[in-house]
There are 2 protein chains.
Amino acid sequence: MPDRFLSSMIISYKGRNILVDCGEGTQVAMRKAHTGFKATDIICITHFHGDHIFGLPGLLLTIGNSGRIEPITIIGPIGLRDILDAFLTSIPYLPYDINLIEDPKVGLGFKIFGNVLQVRDKNSYAEDEIIISTLDLEHSSPCLGYSFYIPRRPKFLPEKAIEYGIPKEKWSILQSGKAIVYKGNTYRPSQMLGKKRRGIKLSYITDTRPIDEIVGFIEESNFFVCEGTYGDSGDIEKAIENKHMTFREAAELAFKGKVDRLLLTHFSPAMEDPNTYIKHAKTIFENTIIGYDGYTEVLSYE
Amino acid sequence: MPDRFLSSMIISYKGRNILVDCGEGTQVAMRKAHTGFKATDIICITHFHGDHIFGLPGLLLTIGNSGRIEPITIIGPIGLRDILDAFLTSIPYLPYDINLIEDPKVGLGFKIFGNVLQVRDKNSYAEDEIIISTLDLEHSSPCLGYSFYIPRRPKFLPEKAIEYGIPKEKWSILQSGKAIVYKGNTYRPSQMLGKKRRGIKLSYITDTRPIDEIVGFIEESNFFVCEGTYGDSGDIEKAIENKHMTFREAAELAFKGKVDRLLLTHFSPAMEDPNTYIKHAKTIFENTIIGYDGYTEVLSYE
């Protein structure tokens, strides 16, 4: 729409970017938000309706023109390979490889290898920095929900290291996650660590009915981005027919999933000002935000 | 770009629309310009670079959602069928047919049949209302220039009709282009017509070097839309390398082609304000306009 871009999200982590969905104009929104293009390491596609993918060929080309040569991981539901093959027909050349992951059935661990977020190298002992999980949703075409989890390492406990008699100059090795051998004994980092700590969890659910499975999937998210195609709870029949949600239904998911905050997005073009309907969500879940173009949020460890 | 749409053009004729090129965001520009979608009868594609076609799948879908069921004619260079097939992979259903015309080698006559501009029905005696011609250009991929000619019928001369003794009530049949039989004699409209009159000619040339063939092709256009990728005449080497034109080169074509007016478009993103360079064109061709988003022009018979 002239005054509202299509829904999409950029996660920026240590200067590397993960994009979720790419409708027509997403690259213009990225320019406005100064996200840059070269650091786009991962693109997650929820499903193949035009408002979520028609910006992809242009974006892939623009990323190519940005000087990027490192591979890009593209994740999406079943059919991703066919759609990408079709789009690439209109692009004669891209200076980078595409690592295509169609319908992943397990969480994908990513780590920065060679300056780029790449899917876990099975031979490395590296801890995952971001884990991307997917959930099958209920829409008129195969559609995936996404969650992004950034684990937090347990605290390093100096008193334990002192107890084992390990000299201070060896601590940093243990802190970086590697084992050491000292006076013939092997010490593992886990021996010096405190209890588990909550990481950062961000979930993205769009184009679906509010199926029960979503509650467990988004559980305890710090930030839950969810579609609210219809603001008025009275539009529930339209929501059922078109396989979307009302604000109220999204808020119910947020409540049941015990998330910290809910951001509503993916508004029907018929809804001129979504703020008019915020009460329909807040009655159920107080910490609700109505998304708008360029909305930015910083999430940190507690 | 955030503040400049990609180049494209809508010709509106008797409420029917012809679109030339469709980069990402063209449908947003159309919304801003209130052109509507349902009356899009013909789409002309110059070539298959992203900035000219990546908005096409989204536009086709939006036209489908506008309630259109009448066929759409899409014209483009060699390869059009493959590109469209690829795009249609991502569109499960369109409620209208596409009449695809790949690399036409002759001018195409269009007329409004059943409320829609359609290519000439060979069995009809109807005069063409718009003639679309193409020219092979010189770019890094096959690229077509377009001209749109709206012929003007010669004046109907009542004095001739009186001379032949044809009663007034028969004149309107002759004026509409049909022959009549009166008192056993056949009279053709051509017998009652004055001399030829100039129609309206509009030309669109983008993504090419200024090859000689363009001069004859655009000759005596009322309005000549031409790329001016580089404003500064000093950028001539870049223009040659990237198969584009400078403002000066476009102006030289306008001058040699004896057009009435030149509109420059398709500016390099590196050129922040194209107006800075207008002198490079005006030195050669005074009637030069620098295009901008939403520029509108009404062309009428003389």
# chains A, B, ... in the order shown; residues from 1 in each chain; ligands from 1
$ calpha_fit_and_write --fixed "chain B" --moving "chain A" --output "mmCIF file with C-alpha atoms, in the first residue's frame"
data_model
loop_
_atom_site.group_PDB
_atom_site.id
_atom_site.type_symbol
_atom_site.label_atom_id
_atom_site.label_comp_id
_atom_site.auth_asym_id
_atom_site.auth_seq_id
_atom_site.Cartn_x
_atom_site.Cartn_y
_atom_site.Cartn_z
ATOM 1 C CA MET A 1 14.793 3.889 -4.112
ATOM 2 C CA PRO A 2 12.986 5.227 -1.075
ATOM 3 C CA ASP A 3 12.177 8.501 -2.868
ATOM 4 C CA ARG A 4 12.061 7.468 -6.514
ATOM 5 C CA PHE A 5 10.062 4.690 -8.140
ATOM 6 C CA LEU A 6 11.467 2.637 -11.016
ATOM 7 C CA SER A 7 10.597 3.911 -14.504
ATOM 8 C CA SER A 8 7.320 2.829 -16.042
ATOM 9 C CA MET A 9 4.487 4.429 -17.978
ATOM 10 C CA ILE A 10 0.712 4.095 -18.146
ATOM 11 C CA ILE A 11 -1.109 5.183 -21.310
ATOM 12 C CA SER A 12 -4.759 5.771 -20.615
ATOM 13 C CA TYR A 13 -6.950 5.700 -23.732
ATOM 14 C CA LYS A 14 -10.736 5.837 -23.515
ATOM 15 C CA GLY A 15 -10.530 4.501 -19.969
ATOM 16 C CA ARG A 16 -8.391 1.515 -20.998
ATOM 17 C CA ASN A 17 -4.789 1.253 -19.791
ATOM 18 C CA ILE A 18 -1.531 0.221 -21.404
ATOM 19 C CA LEU A 19 1.384 -0.278 -19.015
ATOM 20 C CA VAL A 20 4.995 -0.123 -20.148
ATOM 21 C CA ASP A 21 7.420 -1.974 -17.840
ATOM 22 C CA CYS A 22 6.746 -3.170 -14.321
ATOM 23 C CA GLY A 23 9.618 -3.076 -11.851
ATOM 24 C CA GLU A 24 9.218 -3.774 -8.156
ATOM 25 C CA GLY A 25 6.805 -1.238 -6.694
ATOM 26 C CA THR A 26 5.049 -0.268 -9.932
ATOM 27 C CA GLN A 27 1.745 -1.383 -8.456
ATOM 28 C CA VAL A 28 2.313 0.928 -5.493
ATOM 29 C CA ALA A 29 3.039 3.792 -7.922
ATOM 30 C CA MET A 30 -0.196 2.882 -9.722
ATOM 31 C CA ARG A 31 -2.124 3.096 -6.464
ATOM 32 C CA LYS A 32 -0.614 6.483 -5.741
ATOM 33 C CA ALA A 33 -1.533 7.661 -9.235
ATOM 34 C CA HIS A 34 -5.061 6.211 -8.915
ATOM 35 C CA THR A 35 -4.805 4.444 -12.275
ATOM 36 C CA GLY A 36 -6.794 1.451 -11.074
ATOM 37 C CA PHE A 37 -5.885 -2.117 -12.025
ATOM 38 C CA LYS A 38 -8.927 -3.630 -13.691
ATOM 39 C CA ALA A 39 -8.567 -1.679 -16.946
ATOM 40 C CA THR A 40 -4.973 -2.844 -17.590
ATOM 41 C CA ASP A 41 -5.495 -4.294 -21.075
ATOM 42 C CA ILE A 42 -1.945 -4.360 -22.430
ATOM 43 C CA ILE A 43 1.439 -4.708 -20.703
ATOM 44 C CA CYS A 44 4.539 -3.938 -22.765
ATOM 45 C CA ILE A 45 7.868 -5.148 -21.361
ATOM 46 C CA THR A 46 11.071 -3.629 -22.758
ATOM 47 C CA HIS A 47 13.413 -6.321 -21.381
ATOM 48 C CA PHE A 48 13.912 -8.739 -18.527
ATOM 49 C CA HIS A 49 16.179 -6.909 -16.126
ATOM 50 C CA GLY A 50 14.788 -6.823 -12.603
ATOM 51 C CA ASP A 51 14.061 -3.106 -12.542
ATOM 52 C CA HIS A 52 11.662 -3.613 -15.467
ATOM 53 C CA ILE A 53 9.900 -6.879 -14.558
ATOM 54 C CA PHE A 54 10.115 -7.837 -10.890
ATOM 55 C CA GLY A 55 6.803 -6.119 -10.148
ATOM 56 C CA LEU A 56 4.975 -8.182 -12.759
ATOM 57 C CA PRO A 57 3.926 -11.244 -10.695
ATOM 58 C CA GLY A 58 2.492 -9.016 -7.969
ATOM 59 C CA LEU A 59 0.711 -6.808 -10.470
ATOM 60 C CA LEU A 60 -0.834 -9.781 -12.298
ATOM 61 C CA LEU A 61 -2.159 -11.005 -8.938
ATOM 62 C CA THR A 62 -3.491 -7.571 -7.989
ATOM 63 C CA ILE A 63 -5.217 -7.251 -11.376
ATOM 64 C CA GLY A 64 -6.749 -10.674 -10.680
ATOM 65 C CA ASN A 65 -8.000 -9.423 -7.314
ATOM 66 C CA SER A 66 -9.518 -6.355 -8.982
ATOM 67 C CA GLY A 67 -12.271 -8.457 -10.515
ATOM 68 C CA ARG A 68 -10.853 -8.561 -14.020
ATOM 69 C CA ILE A 69 -11.762 -11.591 -16.100
ATOM 70 C CA GLU A 70 -11.032 -10.240 -19.604
ATOM 71 C CA PRO A 71 -7.777 -11.341 -21.282
ATOM 72 C CA ILE A 72 -4.615 -9.251 -20.950
ATOM 73 C CA THR A 73 -2.125 -8.860 -23.785
ATOM 74 C CA ILE A 74 1.520 -8.987 -22.708
ATOM 75 C CA ILE A 75 4.152 -7.984 -25.267
ATOM 76 C CA GLY A 76 7.904 -8.407 -24.814
ATOM 77 C CA PRO A 77 11.170 -9.494 -26.418
ATOM 78 C CA ILE A 78 12.285 -13.039 -27.099
ATOM 79 C CA GLY A 79 12.225 -15.009 -23.837
ATOM 80 C CA LEU A 80 8.908 -13.557 -22.646
ATOM 81 C CA ARG A 81 7.232 -16.967 -22.522
ATOM 82 C CA ASP A 82 9.963 -18.461 -20.297
ATOM 83 C CA ILE A 83 9.912 -15.536 -17.890
ATOM 84 C CA LEU A 84 6.129 -15.570 -17.631
ATOM 85 C CA ASP A 85 6.072 -19.333 -17.110
ATOM 86 C CA ALA A 86 8.567 -18.873 -14.271
ATOM 87 C CA PHE A 87 6.565 -16.076 -12.661
ATOM 88 C CA LEU A 88 3.318 -18.004 -12.965
ATOM 89 C CA THR A 89 4.874 -20.826 -10.900
ATOM 90 C CA SER A 90 4.391 -18.561 -7.905
ATOM 91 C CA ILE A 91 0.791 -17.702 -8.821
ATOM 92 C CA PRO A 92 -1.618 -20.599 -8.411
ATOM 93 C CA TYR A 93 -4.521 -19.006 -10.293
ATOM 94 C CA LEU A 94 -5.410 -15.971 -12.367
ATOM 95 C CA PRO A 95 -9.030 -15.320 -13.312
ATOM 96 C CA TYR A 96 -8.117 -14.067 -16.801
ATOM 97 C CA ASP A 97 -6.220 -15.353 -19.834
ATOM 98 C CA ILE A 98 -2.911 -13.961 -20.989
ATOM 99 C CA ASN A 99 -2.441 -13.298 -24.683
ATOM 100 C CA LEU A 100 1.325 -13.452 -25.005
ATOM 101 C CA ILE A 101 3.044 -11.762 -27.949
ATOM 102 C CA GLU A 102 6.775 -12.495 -28.022
ATOM 103 C CA ASP A 103 9.031 -10.322 -30.169
ATOM 104 C CA PRO A 104 6.444 -8.987 -32.653
ATOM 105 C CA LYS A 105 8.051 -8.202 -35.992
ATOM 106 C CA VAL A 106 5.176 -6.073 -37.318
ATOM 107 C CA GLY A 107 3.086 -3.268 -35.866
ATOM 108 C CA LEU A 108 0.163 -4.575 -33.832
ATOM 109 C CA GLY A 109 -3.218 -2.953 -34.356
ATOM 110 C CA PHE A 110 -5.437 -2.763 -31.289
ATOM 111 C CA LYS A 111 -9.086 -1.922 -31.010
ATOM 112 C CA ILE A 112 -11.631 -1.939 -28.227
ATOM 113 C CA PHE A 113 -13.590 -5.169 -28.623
ATOM 114 C CA GLY A 114 -16.032 -6.012 -25.847
ATOM 115 C CA ASN A 115 -14.809 -3.057 -23.749
ATOM 116 C CA VAL A 116 -11.174 -4.221 -23.823
ATOM 117 C CA LEU A 117 -8.241 -3.216 -26.025
ATOM 118 C CA GLN A 118 -7.453 -6.341 -28.004
ATOM 119 C CA VAL A 119 -5.212 -7.071 -30.923
ATOM 120 C CA ARG A 120 -6.862 -6.708 -34.322
ATOM 121 C CA ASP A 121 -9.391 -9.321 -35.262
ATOM 122 C CA LYS A 122 -8.358 -10.142 -38.833
ATOM 123 C CA ASN A 123 -11.982 -10.695 -39.835
ATOM 124 C CA SER A 124 -13.173 -7.310 -38.730
ATOM 125 C CA TYR A 125 -13.172 -4.226 -40.908
ATOM 126 C CA ALA A 126 -12.628 -2.108 -37.869
ATOM 127 C CA GLU A 127 -9.979 0.539 -38.088
ATOM 128 C CA ASP A 128 -7.120 0.180 -35.618
ATOM 129 C CA GLU A 129 -7.407 2.549 -32.684
ATOM 130 C CA ILE A 130 -3.850 2.132 -31.436
ATOM 131 C CA ILE A 131 -0.908 0.709 -33.326
ATOM 132 C CA ILE A 132 1.961 -0.581 -31.204
ATOM 133 C CA SER A 133 5.308 -0.955 -32.961
ATOM 134 C CA THR A 134 8.593 -2.254 -31.586
ATOM 135 C CA LEU A 135 12.265 -1.753 -32.369
ATOM 136 C CA ASP A 136 15.251 -3.927 -31.429
ATOM 137 C CA LEU A 137 17.544 -1.872 -29.217
ATOM 138 C CA GLU A 138 21.166 -2.326 -28.189
ATOM 139 C CA HIS A 139 21.456 -3.341 -24.550
ATOM 140 C CA SER A 140 23.125 -6.115 -22.560
ATOM 141 C CA SER A 141 19.998 -8.258 -23.028
ATOM 142 C CA PRO A 142 17.345 -8.340 -25.785
ATOM 143 C CA CYS A 143 15.431 -5.086 -25.417
ATOM 144 C CA LEU A 144 12.537 -3.486 -27.310
ATOM 145 C CA GLY A 145 11.649 0.133 -27.898
ATOM 146 C CA TYR A 146 7.953 0.904 -28.256
ATOM 147 C CA SER A 147 5.899 3.404 -30.190
ATOM 148 C CA PHE A 148 2.188 3.979 -29.744
ATOM 149 C CA TYR A 149 0.307 5.589 -32.585
ATOM 150 C CA ILE A 150 -3.290 6.727 -32.368
ATOM 151 C CA PRO A 151 -4.359 7.491 -35.960
ATOM 152 C CA ARG A 152 -6.699 10.352 -36.699
ATOM 153 C CA ARG A 153 -9.385 9.919 -39.316
ATOM 154 C CA PRO A 154 -9.521 12.452 -42.115
ATOM 155 C CA LYS A 155 -12.282 15.040 -41.815
ATOM 156 C CA PHE A 156 -15.705 14.141 -43.220
ATOM 157 C CA LEU A 157 -16.503 16.655 -45.963
ATOM 158 C CA PRO A 158 -20.256 17.443 -46.123
ATOM 159 C CA GLU A 159 -19.789 19.326 -49.404
ATOM 160 C CA LYS A 160 -18.673 16.066 -51.048
ATOM 161 C CA ALA A 161 -21.691 14.214 -49.666
ATOM 162 C CA ILE A 162 -23.942 16.954 -51.027
ATOM 163 C CA GLU A 163 -22.131 16.753 -54.387
ATOM 164 C CA TYR A 164 -22.949 12.986 -54.541
ATOM 165 C CA GLY A 165 -26.523 13.793 -53.512
ATOM 166 C CA ILE A 166 -26.500 11.646 -50.361
ATOM 167 C CA PRO A 167 -29.219 12.613 -47.853
ATOM 168 C CA LYS A 168 -28.114 13.882 -44.421
ATOM 169 C CA GLU A 169 -29.556 10.912 -42.489
ATOM 170 C CA LYS A 170 -27.049 8.601 -44.201
ATOM 171 C CA TRP A 171 -24.001 10.738 -43.339
ATOM 172 C CA SER A 172 -23.415 9.269 -39.885
ATOM 173 C CA ILE A 173 -23.008 5.768 -41.366
ATOM 174 C CA LEU A 174 -20.310 7.052 -43.714
ATOM 175 C CA GLN A 175 -18.719 8.999 -40.867
ATOM 176 C CA SER A 176 -18.485 5.827 -38.763
ATOM 177 C CA GLY A 177 -16.399 4.265 -41.531
ATOM 178 C CA LYS A 178 -19.006 2.089 -43.245
ATOM 179 C CA ALA A 179 -20.027 2.107 -46.889
ATOM 180 C CA ILE A 180 -23.647 2.742 -47.905
ATOM 181 C CA VAL A 181 -25.756 1.793 -50.890
ATOM 182 C CA TYR A 182 -27.972 4.627 -52.096
ATOM 183 C CA LYS A 183 -30.117 4.525 -55.225
ATOM 184 C CA GLY A 184 -28.208 1.447 -56.416
ATOM 185 C CA ASN A 185 -24.769 3.023 -56.067
ATOM 186 C CA THR A 186 -22.206 2.093 -53.421
ATOM 187 C CA TYR A 187 -20.520 5.027 -51.663
ATOM 188 C CA ARG A 188 -17.388 4.501 -49.568
ATOM 189 C CA PRO A 189 -16.366 6.803 -46.708
ATOM 190 C CA SER A 190 -13.074 7.468 -48.485
ATOM 191 C CA GLN A 191 -14.996 9.325 -51.198
ATOM 192 C CA MET A 192 -16.165 11.965 -48.700
ATOM 193 C CA LEU A 193 -12.946 12.422 -46.756
ATOM 194 C CA GLY A 194 -10.438 15.236 -46.642
ATOM 195 C CA LYS A 195 -6.688 14.852 -46.587
ATOM 196 C CA LYS A 196 -4.669 12.828 -44.100
ATOM 197 C CA ARG A 197 -4.362 14.184 -40.558
ATOM 198 C CA ARG A 198 -1.607 13.692 -38.031
ATOM 199 C CA GLY A 199 -2.479 11.283 -35.241
ATOM 200 C CA ILE A 200 -0.813 11.092 -31.823
ATOM 201 C CA LYS A 201 2.543 9.374 -31.554
ATOM 202 C CA LEU A 202 4.236 8.479 -28.294
ATOM 203 C CA SER A 203 7.573 6.670 -28.156
ATOM 204 C CA TYR A 204 9.302 4.914 -25.279
ATOM 205 C CA ILE A 205 12.983 4.066 -25.530
ATOM 206 C CA THR A 206 14.926 2.769 -22.570
ATOM 207 C CA ASP A 207 18.010 0.699 -21.777
ATOM 208 C CA THR A 208 19.963 1.084 -24.978
ATOM 209 C CA ARG A 209 22.780 2.866 -26.729
ATOM 210 C CA PRO A 210 21.510 5.614 -29.108
ATOM 211 C CA ILE A 211 21.540 3.501 -32.278
ATOM 212 C CA ASP A 212 20.661 5.164 -35.622
ATOM 213 C CA GLU A 213 17.501 3.093 -36.067
ATOM 214 C CA ILE A 214 15.891 4.950 -33.161
ATOM 215 C CA VAL A 215 15.768 8.205 -35.164
ATOM 216 C CA GLY A 216 13.396 6.837 -37.820
ATOM 217 C CA PHE A 217 11.422 4.875 -35.251
ATOM 218 C CA ILE A 218 10.579 7.865 -33.053
ATOM 219 C CA GLU A 219 10.211 10.280 -35.973
ATOM 220 C CA GLU A 220 7.765 13.135 -35.366
ATOM 221 C CA SER A 221 6.567 11.757 -32.031
ATOM 222 C CA ASN A 222 4.425 14.195 -30.087
ATOM 223 C CA PHE A 223 6.052 12.879 -26.956
ATOM 224 C CA PHE A 224 9.279 10.961 -26.694
ATOM 225 C CA VAL A 225 10.086 9.217 -23.408
ATOM 226 C CA CYS A 226 13.752 8.279 -23.333
ATOM 227 C CA GLU A 227 16.235 6.975 -20.809
ATOM 228 C CA GLY A 228 18.848 9.351 -19.490
ATOM 229 C CA THR A 229 20.787 7.102 -17.155
ATOM 230 C CA TYR A 230 23.664 9.580 -16.897
ATOM 231 C CA GLY A 231 23.153 13.328 -16.678
ATOM 232 C CA ASP A 232 26.735 14.431 -17.090
ATOM 233 C CA SER A 233 28.014 14.197 -20.682
ATOM 234 C CA GLY A 234 31.384 13.337 -19.147
ATOM 235 C CA ASP A 235 29.953 9.961 -18.115
ATOM 236 C CA ILE A 236 29.880 8.845 -21.752
ATOM 237 C CA GLU A 237 32.309 5.990 -21.124
ATOM 238 C CA LYS A 238 30.125 4.558 -18.377
ATOM 239 C CA ALA A 239 27.157 4.918 -20.750
ATOM 240 C CA ILE A 240 28.986 2.979 -23.468
ATOM 241 C CA GLU A 241 30.150 0.298 -21.052
ATOM 242 C CA ASN A 242 26.727 -0.235 -19.452
ATOM 243 C CA LYS A 243 24.799 0.194 -22.738
ATOM 244 C CA HIS A 244 22.881 3.237 -21.601
ATOM 245 C CA MET A 245 22.700 6.894 -22.668
ATOM 246 C CA THR A 246 23.642 10.309 -21.371
ATOM 247 C CA PHE A 247 21.123 13.185 -21.338
ATOM 248 C CA ARG A 248 22.993 14.648 -24.304
ATOM 249 C CA GLU A 249 22.651 11.483 -26.379
ATOM 250 C CA ALA A 250 18.917 11.277 -25.650
ATOM 251 C CA ALA A 251 18.542 14.922 -26.661
ATOM 252 C CA GLU A 252 20.400 14.261 -29.918
ATOM 253 C CA LEU A 253 17.923 11.499 -30.745
ATOM 254 C CA ALA A 254 15.032 13.865 -29.959
ATOM 255 C CA PHE A 255 16.525 16.512 -32.223
ATOM 256 C CA LYS A 256 17.252 14.176 -35.141
ATOM 257 C CA GLY A 257 13.843 12.496 -34.740
ATOM 258 C CA LYS A 258 12.060 15.895 -34.908
ATOM 259 C CA VAL A 259 9.893 15.066 -31.905
ATOM 260 C CA ASP A 260 7.794 17.727 -30.180
ATOM 261 C CA ARG A 261 8.955 17.020 -26.655
ATOM 262 C CA LEU A 262 11.419 14.802 -24.808
ATOM 263 C CA LEU A 263 10.880 13.405 -21.317
ATOM 264 C CA LEU A 264 13.965 11.955 -19.647
ATOM 265 C CA THR A 265 13.625 9.039 -17.220
ATOM 266 C CA HIS A 266 15.500 5.953 -15.895
ATOM 267 C CA PHE A 267 18.065 7.892 -13.903
ATOM 268 C CA SER A 268 21.058 6.183 -12.322
ATOM 269 C CA PRO A 269 20.613 5.823 -8.542
ATOM 270 C CA ALA A 270 23.943 7.660 -8.272
ATOM 271 C CA MET A 271 22.269 10.792 -9.701
ATOM 272 C CA GLU A 272 20.557 12.417 -6.741
ATOM 273 C CA ASP A 273 18.886 15.318 -8.538
ATOM 274 C CA PRO A 274 18.656 14.870 -12.327
ATOM 275 C CA ASN A 275 17.599 18.523 -12.715
ATOM 276 C CA THR A 276 21.202 19.494 -12.054
ATOM 277 C CA TYR A 277 22.104 18.169 -15.499
ATOM 278 C CA ILE A 278 19.196 19.448 -17.604
ATOM 279 C CA LYS A 279 21.475 21.844 -19.521
ATOM 280 C CA HIS A 280 23.326 18.883 -21.009
ATOM 281 C CA ALA A 281 20.077 18.038 -22.804
ATOM 282 C CA LYS A 282 18.654 21.520 -23.404
ATOM 283 C CA THR A 283 21.784 22.672 -25.239
ATOM 284 C CA ILE A 284 20.832 20.144 -27.924
ATOM 285 C CA PHE A 285 17.036 19.963 -27.568
ATOM 286 C CA GLU A 286 15.163 22.756 -25.815
ATOM 287 C CA ASN A 287 11.844 20.973 -25.198
ATOM 288 C CA THR A 288 13.271 18.611 -22.609
ATOM 289 C CA ILE A 289 11.486 17.641 -19.401
ATOM 290 C CA ILE A 290 13.088 15.827 -16.453
ATOM 291 C CA GLY A 291 10.677 13.058 -15.426
ATOM 292 C CA TYR A 292 9.545 12.642 -11.839
ATOM 293 C CA ASP A 293 7.272 10.271 -9.914
ATOM 294 C CA GLY A 294 3.662 10.728 -10.969
ATOM 295 C CA TYR A 295 4.423 12.944 -13.989
ATOM 296 C CA THR A 296 1.251 13.186 -16.095
ATOM 297 C CA GLU A 297 0.708 14.550 -19.576
ATOM 298 C CA VAL A 298 -2.411 14.866 -21.719
ATOM 299 C CA LEU A 299 -1.833 14.405 -25.441
ATOM 300 C CA SER A 300 -4.553 15.530 -27.856
ATOM 301 C CA TYR A 301 -5.053 15.738 -31.589
ATOM 302 C CA GLU A 302 -3.770 19.015 -32.996
#
$ select_by_dssp --residues "segment 128-245 of chain A" --states "strand (DSSP E)" --output "PyMOL selection string"
chain A and resi 130-136+144-152+180-182+185-187+197-205+223-227
$ select_by_dssp --residues "segment 15-250 of chain A" --states "alpha helix (DSSP H)" --output "PyMOL selection string"
chain A and resi 26-32+50-53+56-65+80-89+158-163+171-175+213-217+236-241+247-250
